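First the structure, in the form of structure tokens, and then the observations on it.
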Amino acid sequence: MAECFAAQRVWVWQKRLNLEAWSISVVVSRAAGLKPKTVGNVHWDREKKTAVIRVLDPADYELPLGEILRDIEFTVVHELIHLEMVPVLSELQRSDANRLEEEYAVNHMAEALLRLDRGSNR
């Protein structure tokens, strides 16, 4: 169910973010398959325009189902924003400091897009 939900949300947000040229798949991963303290990631091939988004398996959440699905959608949007930024970020010298800044910015963009989508002005 989680993989189907995430794939459907990828399709919706991929269109909204104008990433239709990319072939994007979704994989549901247990916590042990992700970096500690993360709920997802994205790996891409810029030249082939392919990407795999991993989202945390609902079995590893301790939340009600509705909140899990909202978090999975947040993860999808978050990772798609990273993908949107590939042309800019791939040319930069990456460091722990600018990765933290990138995560901060991507989180805020994802939150803003989802608030708009869900009809919240907060």
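Residues are referred to by chain and number: the chain letter is A, B, ... according to the order shown in the structure tokens, the number counts from 1 in that chain, and ligands are numbered separately from 1 in the order shown.
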Task: DSSP-assigned helix (DSSP H, G or I) members of chain A, reported as a PyMOL selection string - done: chain A and resi 2-16+31-33+58-60+65-84+86-89+96-117
Open item on the list: Can you tell me which residues surround range 37-43 of chain A at a distance of at most 6 Å, considering only C-alpha atoms, apart from same-chain residues fewer than 6 positions away, and format the answer as an MDAnalysis selection string?
Closed with: chainID A and resid 51:56 79
How would the residues just picked look written out with C-alpha atoms as a CSV table (one decimal), in the first residue's frame?
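Written output follows (selection10.csv):
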chain,number,residue,atom,x,y,z
A,51,ALA,CA,15.9,8.5,-10.1
A,52,VAL,CA,14.9,6.2,-7.3
A,53,ILE,CA,13.2,7.7,-4.2
A,54,ARG,CA,13.3,5.6,-1.1
A,55,VAL,CA,10.6,6.1,1.6
A,56,LEU,CA,10.5,4.6,5.0
A,79,GLU,CA,13.2,14.3,-2.6
- [ ] Name all residues at most 9 Å from Glu3 in chain A (count only C-alpha atoms; drop same-chain ones fewer than 5 positions away) and give them as JSON, numbers by chain.
- [x] {"A": [8, 26, 27, 28, 55, 57]}
For all heavy atoms, I'd like the residues from the last selection saved as an mmCIF file, in the first residue's frame.
data_model
loop_
_atom_site.group_PDB
_atom_site.id
_atom_site.type_symbol
_atom_site.label_atom_id
_atom_site.label_comp_id
_atom_site.auth_asym_id
_atom_site.auth_seq_id
_atom_site.Cartn_x
_atom_site.Cartn_y
_atom_site.Cartn_z
ATOM 1 N N GLN A 8 1.984 7.095 -6.543
ATOM 2 C CA GLN A 8 0.926 7.989 -7.004
ATOM 3 C C GLN A 8 1.268 9.439 -6.674
ATOM 4 O O GLN A 8 1.090 10.336 -7.481
ATOM 5 C CB GLN A 8 -0.405 7.573 -6.362
ATOM 6 C CG GLN A 8 -1.609 8.288 -6.912
ATOM 7 C CD GLN A 8 -1.999 9.531 -6.110
ATOM 8 O OE1 GLN A 8 -1.633 9.700 -4.954
ATOM 9 N NE2 GLN A 8 -2.721 10.419 -6.757
ATOM 10 N N VAL A 26 9.859 4.398 -7.038
ATOM 11 C CA VAL A 26 9.775 4.482 -5.582
ATOM 12 C C VAL A 26 10.045 3.110 -4.995
ATOM 13 O O VAL A 26 9.564 2.098 -5.503
ATOM 14 C CB VAL A 26 8.374 4.950 -5.133
ATOM 15 C CG1 VAL A 26 8.251 4.938 -3.629
ATOM 16 C CG2 VAL A 26 8.068 6.316 -5.679
ATOM 17 N N VAL A 27 10.813 3.100 -3.912
ATOM 18 C CA VAL A 27 11.096 1.875 -3.176
ATOM 19 C C VAL A 27 10.788 2.138 -1.706
ATOM 20 O O VAL A 27 11.220 3.150 -1.156
ATOM 21 C CB VAL A 27 12.571 1.445 -3.336
ATOM 22 C CG1 VAL A 27 12.895 0.238 -2.469
ATOM 23 C CG2 VAL A 27 12.900 1.178 -4.797
ATOM 24 N N VAL A 28 10.035 1.237 -1.098
ATOM 25 C CA VAL A 28 9.768 1.316 0.338
ATOM 26 C C VAL A 28 10.897 0.575 1.042
ATOM 27 O O VAL A 28 11.185 -0.576 0.712
ATOM 28 C CB VAL A 28 8.398 0.705 0.683
ATOM 29 C CG1 VAL A 28 8.184 0.666 2.183
ATOM 30 C CG2 VAL A 28 7.286 1.495 -0.002
ATOM 31 N N VAL A 55 11.442 5.599 0.468
ATOM 32 C CA VAL A 55 10.635 6.115 1.573
ATOM 33 C C VAL A 55 10.600 5.064 2.669
ATOM 34 O O VAL A 55 10.695 3.863 2.402
ATOM 35 C CB VAL A 55 9.197 6.493 1.129
ATOM 36 C CG1 VAL A 55 9.226 7.616 0.108
ATOM 37 C CG2 VAL A 55 8.444 5.296 0.602
ATOM 38 N N ASP A 57 9.426 2.484 5.319
ATOM 39 C CA ASP A 57 8.337 1.508 5.428
ATOM 40 C C ASP A 57 7.427 1.891 6.594
ATOM 41 O O ASP A 57 7.913 2.182 7.692
ATOM 42 C CB ASP A 57 8.948 0.123 5.668
ATOM 43 C CG ASP A 57 7.953 -1.006 5.568
ATOM 44 O OD1 ASP A 57 6.839 -0.884 6.116
ATOM 45 O OD2 ASP A 57 8.296 -2.027 4.953
#
Task: Nearest candidate to Arg118 in chain A (options A:Trp44, A:Phe74, A:Tyr61, A:Tyr104; using only C-alpha atoms) - done: A:Phe74
- [ ] Please identify all polymer residues within 12 Å of His78 in chain A, counting only C-alpha atoms, omitting same-chain residues fewer than 3 positions from it, and present them as a VMD selection string.
- [x] chain A and resid 9 to 10 13 to 14 17 38 to 42 53 to 55 71 to 75 81 to 85 102 to 114
Convert the current residue selection to file output with N, CA, C and O atoms, as a tab-separated table (two decimals), in the first residue's frame.
chain	number	residue	atom	x	y	z
A	9	ARG	N	1.80	9.68	-5.48
A	9	ARG	CA	2.19	11.04	-5.10
A	9	ARG	C	3.39	11.51	-5.93
A	9	ARG	O	3.48	12.69	-6.27
A	10	VAL	N	4.31	10.61	-6.25
A	10	VAL	CA	5.43	10.98	-7.13
A	10	VAL	C	4.88	11.47	-8.46
A	10	VAL	O	5.28	12.51	-8.98
A	13	TRP	N	3.27	15.01	-8.02
A	13	TRP	CA	4.24	16.08	-7.75
A	13	TRP	C	5.28	16.19	-8.86
A	13	TRP	O	5.80	17.28	-9.11
A	14	GLN	N	5.57	15.11	-9.53
A	14	GLN	CA	6.51	15.16	-10.66
A	14	GLN	C	5.93	16.08	-11.74
A	14	GLN	O	6.66	16.90	-12.31
A	17	LEU	N	6.01	19.79	-10.47
A	17	LEU	CA	7.35	20.36	-10.42
A	17	LEU	C	8.06	20.31	-11.77
A	17	LEU	O	9.25	20.60	-11.87
A	38	THR	N	16.80	9.32	9.16
A	38	THR	CA	16.19	9.78	7.92
A	38	THR	C	14.97	8.91	7.61
A	38	THR	O	14.85	7.79	8.12
A	39	VAL	N	14.08	9.46	6.79
A	39	VAL	CA	12.88	8.71	6.39
A	39	VAL	C	12.82	8.54	4.88
A	39	VAL	O	11.81	8.10	4.35
A	40	GLY	N	13.91	8.88	4.20
A	40	GLY	CA	13.95	8.70	2.76
A	40	GLY	C	15.21	9.26	2.15
A	40	GLY	O	16.03	9.86	2.84
A	41	ASN	N	15.35	9.03	0.85
A	41	ASN	CA	16.46	9.59	0.10
A	41	ASN	C	16.16	9.49	-1.38
A	41	ASN	O	15.17	8.88	-1.79
A	42	VAL	N	17.01	10.09	-2.18
A	42	VAL	CA	16.89	10.00	-3.63
A	42	VAL	C	18.28	9.79	-4.21
A	42	VAL	O	19.26	10.39	-3.76
A	53	ILE	N	13.51	7.04	-5.54
A	53	ILE	CA	13.20	7.65	-4.25
A	53	ILE	C	12.89	6.53	-3.28
A	53	ILE	O	12.06	5.67	-3.56
A	54	ARG	N	13.58	6.54	-2.15
A	54	ARG	CA	13.29	5.57	-1.09
A	54	ARG	C	12.49	6.28	-0.01
A	54	ARG	O	12.82	7.40	0.37
A	55	VAL	N	11.44	5.60	0.47
A	55	VAL	CA	10.64	6.11	1.57
A	55	VAL	C	10.60	5.06	2.67
A	55	VAL	O	10.69	3.86	2.40
A	71	ASP	N	3.47	11.99	6.00
A	71	ASP	CA	4.92	12.04	6.06
A	71	ASP	C	5.55	11.44	4.80
A	71	ASP	O	6.55	11.94	4.31
A	72	ILE	N	4.95	10.38	4.29
A	72	ILE	CA	5.46	9.78	3.04
A	72	ILE	C	5.34	10.80	1.91
A	72	ILE	O	6.27	10.98	1.12
A	73	GLU	N	4.21	11.50	1.85
A	73	GLU	CA	4.06	12.52	0.81
A	73	GLU	C	5.08	13.64	1.00
A	73	GLU	O	5.68	14.12	0.03
A	74	PHE	N	5.32	14.06	2.24
A	74	PHE	CA	6.34	15.06	2.50
A	74	PHE	C	7.70	14.57	1.99
A	74	PHE	O	8.43	15.31	1.33
A	75	THR	N	8.02	13.31	2.27
A	75	THR	CA	9.30	12.75	1.83
A	75	THR	C	9.39	12.77	0.31
A	75	THR	O	10.44	13.14	-0.25
A	81	ILE	N	12.21	17.85	-4.80
A	81	ILE	CA	12.84	19.17	-4.80
A	81	ILE	C	14.36	19.01	-4.93
A	81	ILE	O	15.00	19.76	-5.68
A	82	HIS	N	14.93	18.04	-4.23
A	82	HIS	CA	16.37	17.77	-4.41
A	82	HIS	C	16.65	17.48	-5.89
A	82	HIS	O	17.62	17.99	-6.46
A	83	LEU	N	15.80	16.68	-6.50
A	83	LEU	CA	15.98	16.33	-7.91
A	83	LEU	C	15.88	17.56	-8.80
A	83	LEU	O	16.66	17.71	-9.75
A	84	GLU	N	14.96	18.44	-8.50
A	84	GLU	CA	14.81	19.69	-9.26
A	84	GLU	C	16.08	20.53	-9.18
A	84	GLU	O	16.43	21.24	-10.12
A	85	MET	N	16.79	20.42	-8.07
A	85	MET	CA	17.99	21.24	-7.85
A	85	MET	C	19.27	20.60	-8.39
A	85	MET	O	20.34	21.20	-8.30
A	102	GLU	N	21.18	23.07	2.58
A	102	GLU	CA	20.31	22.53	1.53
A	102	GLU	C	19.09	21.84	2.13
A	102	GLU	O	17.96	22.06	1.71
A	103	GLU	N	19.31	21.00	3.13
A	103	GLU	CA	18.20	20.29	3.78
A	103	GLU	C	17.21	21.27	4.40
A	103	GLU	O	16.00	21.09	4.29
A	104	TYR	N	17.73	22.30	5.03
A	104	TYR	CA	16.88	23.32	5.64
A	104	TYR	C	15.99	23.97	4.57
A	104	TYR	O	14.77	24.09	4.73
A	105	ALA	N	16.61	24.38	3.46
A	105	ALA	CA	15.86	25.04	2.38
A	105	ALA	C	14.86	24.09	1.74
A	105	ALA	O	13.71	24.46	1.50
A	106	VAL	N	15.26	22.86	1.48
A	106	VAL	CA	14.37	21.89	0.85
A	106	VAL	C	13.19	21.59	1.77
A	106	VAL	O	12.04	21.50	1.31
A	107	ASN	N	13.44	21.46	3.07
A	107	ASN	CA	12.33	21.22	4.01
A	107	ASN	C	11.32	22.36	3.97
A	107	ASN	O	10.11	22.13	3.95
A	108	HIS	N	11.81	23.59	3.96
A	108	HIS	CA	10.91	24.74	3.94
A	108	HIS	C	10.11	24.82	2.64
A	108	HIS	O	8.92	25.16	2.65
A	109	MET	N	10.75	24.52	1.52
A	109	MET	CA	10.03	24.52	0.25
A	109	MET	C	8.97	23.43	0.23
A	109	MET	O	7.83	23.66	-0.21
A	110	ALA	N	9.32	22.23	0.70
A	110	ALA	CA	8.36	21.13	0.73
A	110	ALA	C	7.17	21.47	1.63
A	110	ALA	O	6.01	21.24	1.27
A	111	GLU	N	7.46	22.01	2.80
A	111	GLU	CA	6.39	22.41	3.72
A	111	GLU	C	5.47	23.45	3.08
A	111	GLU	O	4.24	23.34	3.18
A	112	ALA	N	6.04	24.43	2.40
A	112	ALA	CA	5.23	25.47	1.76
A	112	ALA	C	4.35	24.89	0.66
A	112	ALA	O	3.16	25.21	0.57
A	113	LEU	N	4.91	24.05	-0.18
A	113	LEU	CA	4.13	23.43	-1.25
A	113	LEU	C	3.00	22.58	-0.70
A	113	LEU	O	1.87	22.62	-1.21
A	114	LEU	N	3.27	21.81	0.33
A	114	LEU	CA	2.24	20.95	0.90
A	114	LEU	C	1.17	21.77	1.62
A	114	LEU	O	-0.02	21.41	1.57
Backbone DSSP call of strand (DSSP E or B) for chain A, listed as a short mmCIF file (atom, residue, chain, number, x, y, z; two decimals) with all heavy atoms, in the first residue's frame:
data_model
loop_
_atom_site.label_atom_id
_atom_site.label_comp_id
_atom_site.auth_asym_id
_atom_site.auth_seq_id
_atom_site.Cartn_x
_atom_site.Cartn_y
_atom_site.Cartn_z
N SER A 23 12.51 9.65 -15.33
CA SER A 23 11.89 8.36 -14.99
C SER A 23 12.20 8.11 -13.51
O SER A 23 13.36 7.89 -13.15
CB SER A 23 12.48 7.24 -15.86
OG SER A 23 11.95 6.01 -15.45
N ILE A 24 11.15 8.18 -12.69
CA ILE A 24 11.34 8.12 -11.23
C ILE A 24 10.58 6.93 -10.67
O ILE A 24 9.38 6.77 -10.93
CB ILE A 24 10.83 9.42 -10.56
CG1 ILE A 24 11.55 10.64 -11.17
CG2 ILE A 24 11.05 9.35 -9.06
CD1 ILE A 24 10.94 11.97 -10.78
N SER A 25 11.28 6.12 -9.91
CA SER A 25 10.63 4.99 -9.24
C SER A 25 10.70 5.17 -7.73
O SER A 25 11.48 5.97 -7.23
CB SER A 25 11.27 3.66 -9.66
OG SER A 25 12.64 3.65 -9.34
N VAL A 26 9.86 4.40 -7.04
CA VAL A 26 9.77 4.48 -5.58
C VAL A 26 10.05 3.11 -5.00
O VAL A 26 9.56 2.10 -5.50
CB VAL A 26 8.37 4.95 -5.13
CG1 VAL A 26 8.25 4.94 -3.63
CG2 VAL A 26 8.07 6.32 -5.68
N VAL A 27 10.81 3.10 -3.91
CA VAL A 27 11.10 1.88 -3.18
C VAL A 27 10.79 2.14 -1.71
O VAL A 27 11.22 3.15 -1.16
CB VAL A 27 12.57 1.45 -3.34
CG1 VAL A 27 12.89 0.24 -2.47
CG2 VAL A 27 12.90 1.18 -4.80
N VAL A 28 10.03 1.24 -1.10
CA VAL A 28 9.77 1.32 0.34
C VAL A 28 10.90 0.58 1.04
O VAL A 28 11.19 -0.58 0.71
CB VAL A 28 8.40 0.71 0.68
CG1 VAL A 28 8.18 0.67 2.18
CG2 VAL A 28 7.29 1.50 0.00
N SER A 29 11.56 1.24 1.97
CA SER A 29 12.73 0.68 2.65
C SER A 29 12.54 0.64 4.15
O SER A 29 12.00 1.58 4.74
CB SER A 29 13.98 1.52 2.35
OG SER A 29 14.30 1.48 0.99
N GLY A 40 13.91 8.88 4.20
CA GLY A 40 13.95 8.70 2.76
C GLY A 40 15.21 9.26 2.15
O GLY A 40 16.03 9.86 2.84
N ASN A 41 15.35 9.03 0.85
CA ASN A 41 16.46 9.59 0.10
C ASN A 41 16.16 9.49 -1.38
O ASN A 41 15.17 8.88 -1.79
CB ASN A 41 17.80 8.92 0.45
CG ASN A 41 17.84 7.44 0.13
OD1 ASN A 41 17.36 7.00 -0.91
ND2 ASN A 41 18.42 6.66 1.01
N VAL A 42 17.01 10.09 -2.18
CA VAL A 42 16.89 10.00 -3.63
C VAL A 42 18.28 9.79 -4.21
O VAL A 42 19.26 10.39 -3.76
CB VAL A 42 16.21 11.25 -4.25
CG1 VAL A 42 17.01 12.51 -4.00
CG2 VAL A 42 15.93 11.05 -5.74
N HIS A 43 18.35 8.89 -5.19
CA HIS A 43 19.58 8.66 -5.95
C HIS A 43 19.23 8.84 -7.42
O HIS A 43 18.20 8.33 -7.87
CB HIS A 43 20.15 7.26 -5.69
CG HIS A 43 20.60 7.07 -4.28
ND1 HIS A 43 21.82 7.52 -3.83
CD2 HIS A 43 19.99 6.50 -3.22
CE1 HIS A 43 21.94 7.23 -2.54
NE2 HIS A 43 20.84 6.62 -2.15
N TRP A 44 20.08 9.56 -8.14
CA TRP A 44 19.74 9.87 -9.52
C TRP A 44 20.92 9.68 -10.44
O TRP A 44 22.08 9.64 -10.01
CB TRP A 44 19.23 11.30 -9.64
CG TRP A 44 20.24 12.35 -9.24
CD1 TRP A 44 21.27 12.84 -9.98
CD2 TRP A 44 20.31 13.02 -7.98
NE1 TRP A 44 21.97 13.77 -9.27
CE2 TRP A 44 21.40 13.91 -8.05
CE3 TRP A 44 19.55 12.98 -6.81
CZ2 TRP A 44 21.75 14.73 -6.98
CZ3 TRP A 44 19.89 13.79 -5.77
CH2 TRP A 44 20.99 14.66 -5.86
N ASP A 45 20.59 9.56 -11.73
CA ASP A 45 21.56 9.58 -12.81
C ASP A 45 21.16 10.75 -13.69
O ASP A 45 20.15 10.67 -14.41
CB ASP A 45 21.54 8.26 -13.59
CG ASP A 45 22.59 8.22 -14.69
OD1 ASP A 45 22.78 9.25 -15.39
OD2 ASP A 45 23.21 7.16 -14.86
N THR A 50 17.17 9.44 -14.65
CA THR A 50 16.47 8.42 -13.87
C THR A 50 16.75 8.68 -12.39
O THR A 50 17.80 9.22 -12.02
CB THR A 50 16.94 6.99 -14.22
OG1 THR A 50 18.35 6.89 -13.97
CG2 THR A 50 16.66 6.66 -15.67
N ALA A 51 15.78 8.30 -11.56
CA ALA A 51 15.94 8.48 -10.12
C ALA A 51 15.15 7.42 -9.38
O ALA A 51 14.13 6.92 -9.88
CB ALA A 51 15.47 9.88 -9.70
N VAL A 52 15.64 7.10 -8.18
CA VAL A 52 14.94 6.20 -7.28
C VAL A 52 14.77 6.94 -5.96
O VAL A 52 15.74 7.41 -5.37
CB VAL A 52 15.73 4.89 -7.04
CG1 VAL A 52 15.03 4.02 -6.02
CG2 VAL A 52 15.93 4.14 -8.35
N ILE A 53 13.51 7.04 -5.54
CA ILE A 53 13.20 7.65 -4.25
C ILE A 53 12.89 6.53 -3.28
O ILE A 53 12.06 5.67 -3.56
CB ILE A 53 12.00 8.61 -4.35
CG1 ILE A 53 12.37 9.82 -5.20
CG2 ILE A 53 11.55 9.05 -2.95
CD1 ILE A 53 11.22 10.77 -5.45
N ARG A 54 13.58 6.54 -2.15
CA ARG A 54 13.29 5.57 -1.09
C ARG A 54 12.49 6.28 -0.01
O ARG A 54 12.82 7.40 0.37
CB ARG A 54 14.58 5.03 -0.50
CG ARG A 54 15.38 4.20 -1.47
CD ARG A 54 16.55 3.49 -0.79
NE ARG A 54 17.34 2.78 -1.77
CZ ARG A 54 17.00 1.62 -2.33
NH1 ARG A 54 15.89 1.03 -1.97
NH2 ARG A 54 17.78 1.05 -3.22
N VAL A 55 11.44 5.60 0.47
CA VAL A 55 10.64 6.11 1.57
C VAL A 55 10.60 5.06 2.67
O VAL A 55 10.69 3.86 2.40
CB VAL A 55 9.20 6.49 1.13
CG1 VAL A 55 9.23 7.62 0.11
CG2 VAL A 55 8.44 5.30 0.60
N LEU A 56 10.46 5.53 3.89
CA LEU A 56 10.46 4.64 5.05
C LEU A 56 9.22 3.75 5.05
O LEU A 56 8.10 4.21 4.82
CB LEU A 56 10.50 5.47 6.34
CG LEU A 56 10.58 4.70 7.65
CD1 LEU A 56 11.87 3.89 7.74
CD2 LEU A 56 10.47 5.67 8.82
#
Open item on the list: Just to confirm, what's the straight-line distance from CA of Arg30 in chain A to CA of Leu80 in chain A in Å (one decimal)?
Closed with: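 Computing the Euclidean distance for CA of Arg30 in chain A and CA of Leu80 in chain A yields 20.2 Å.
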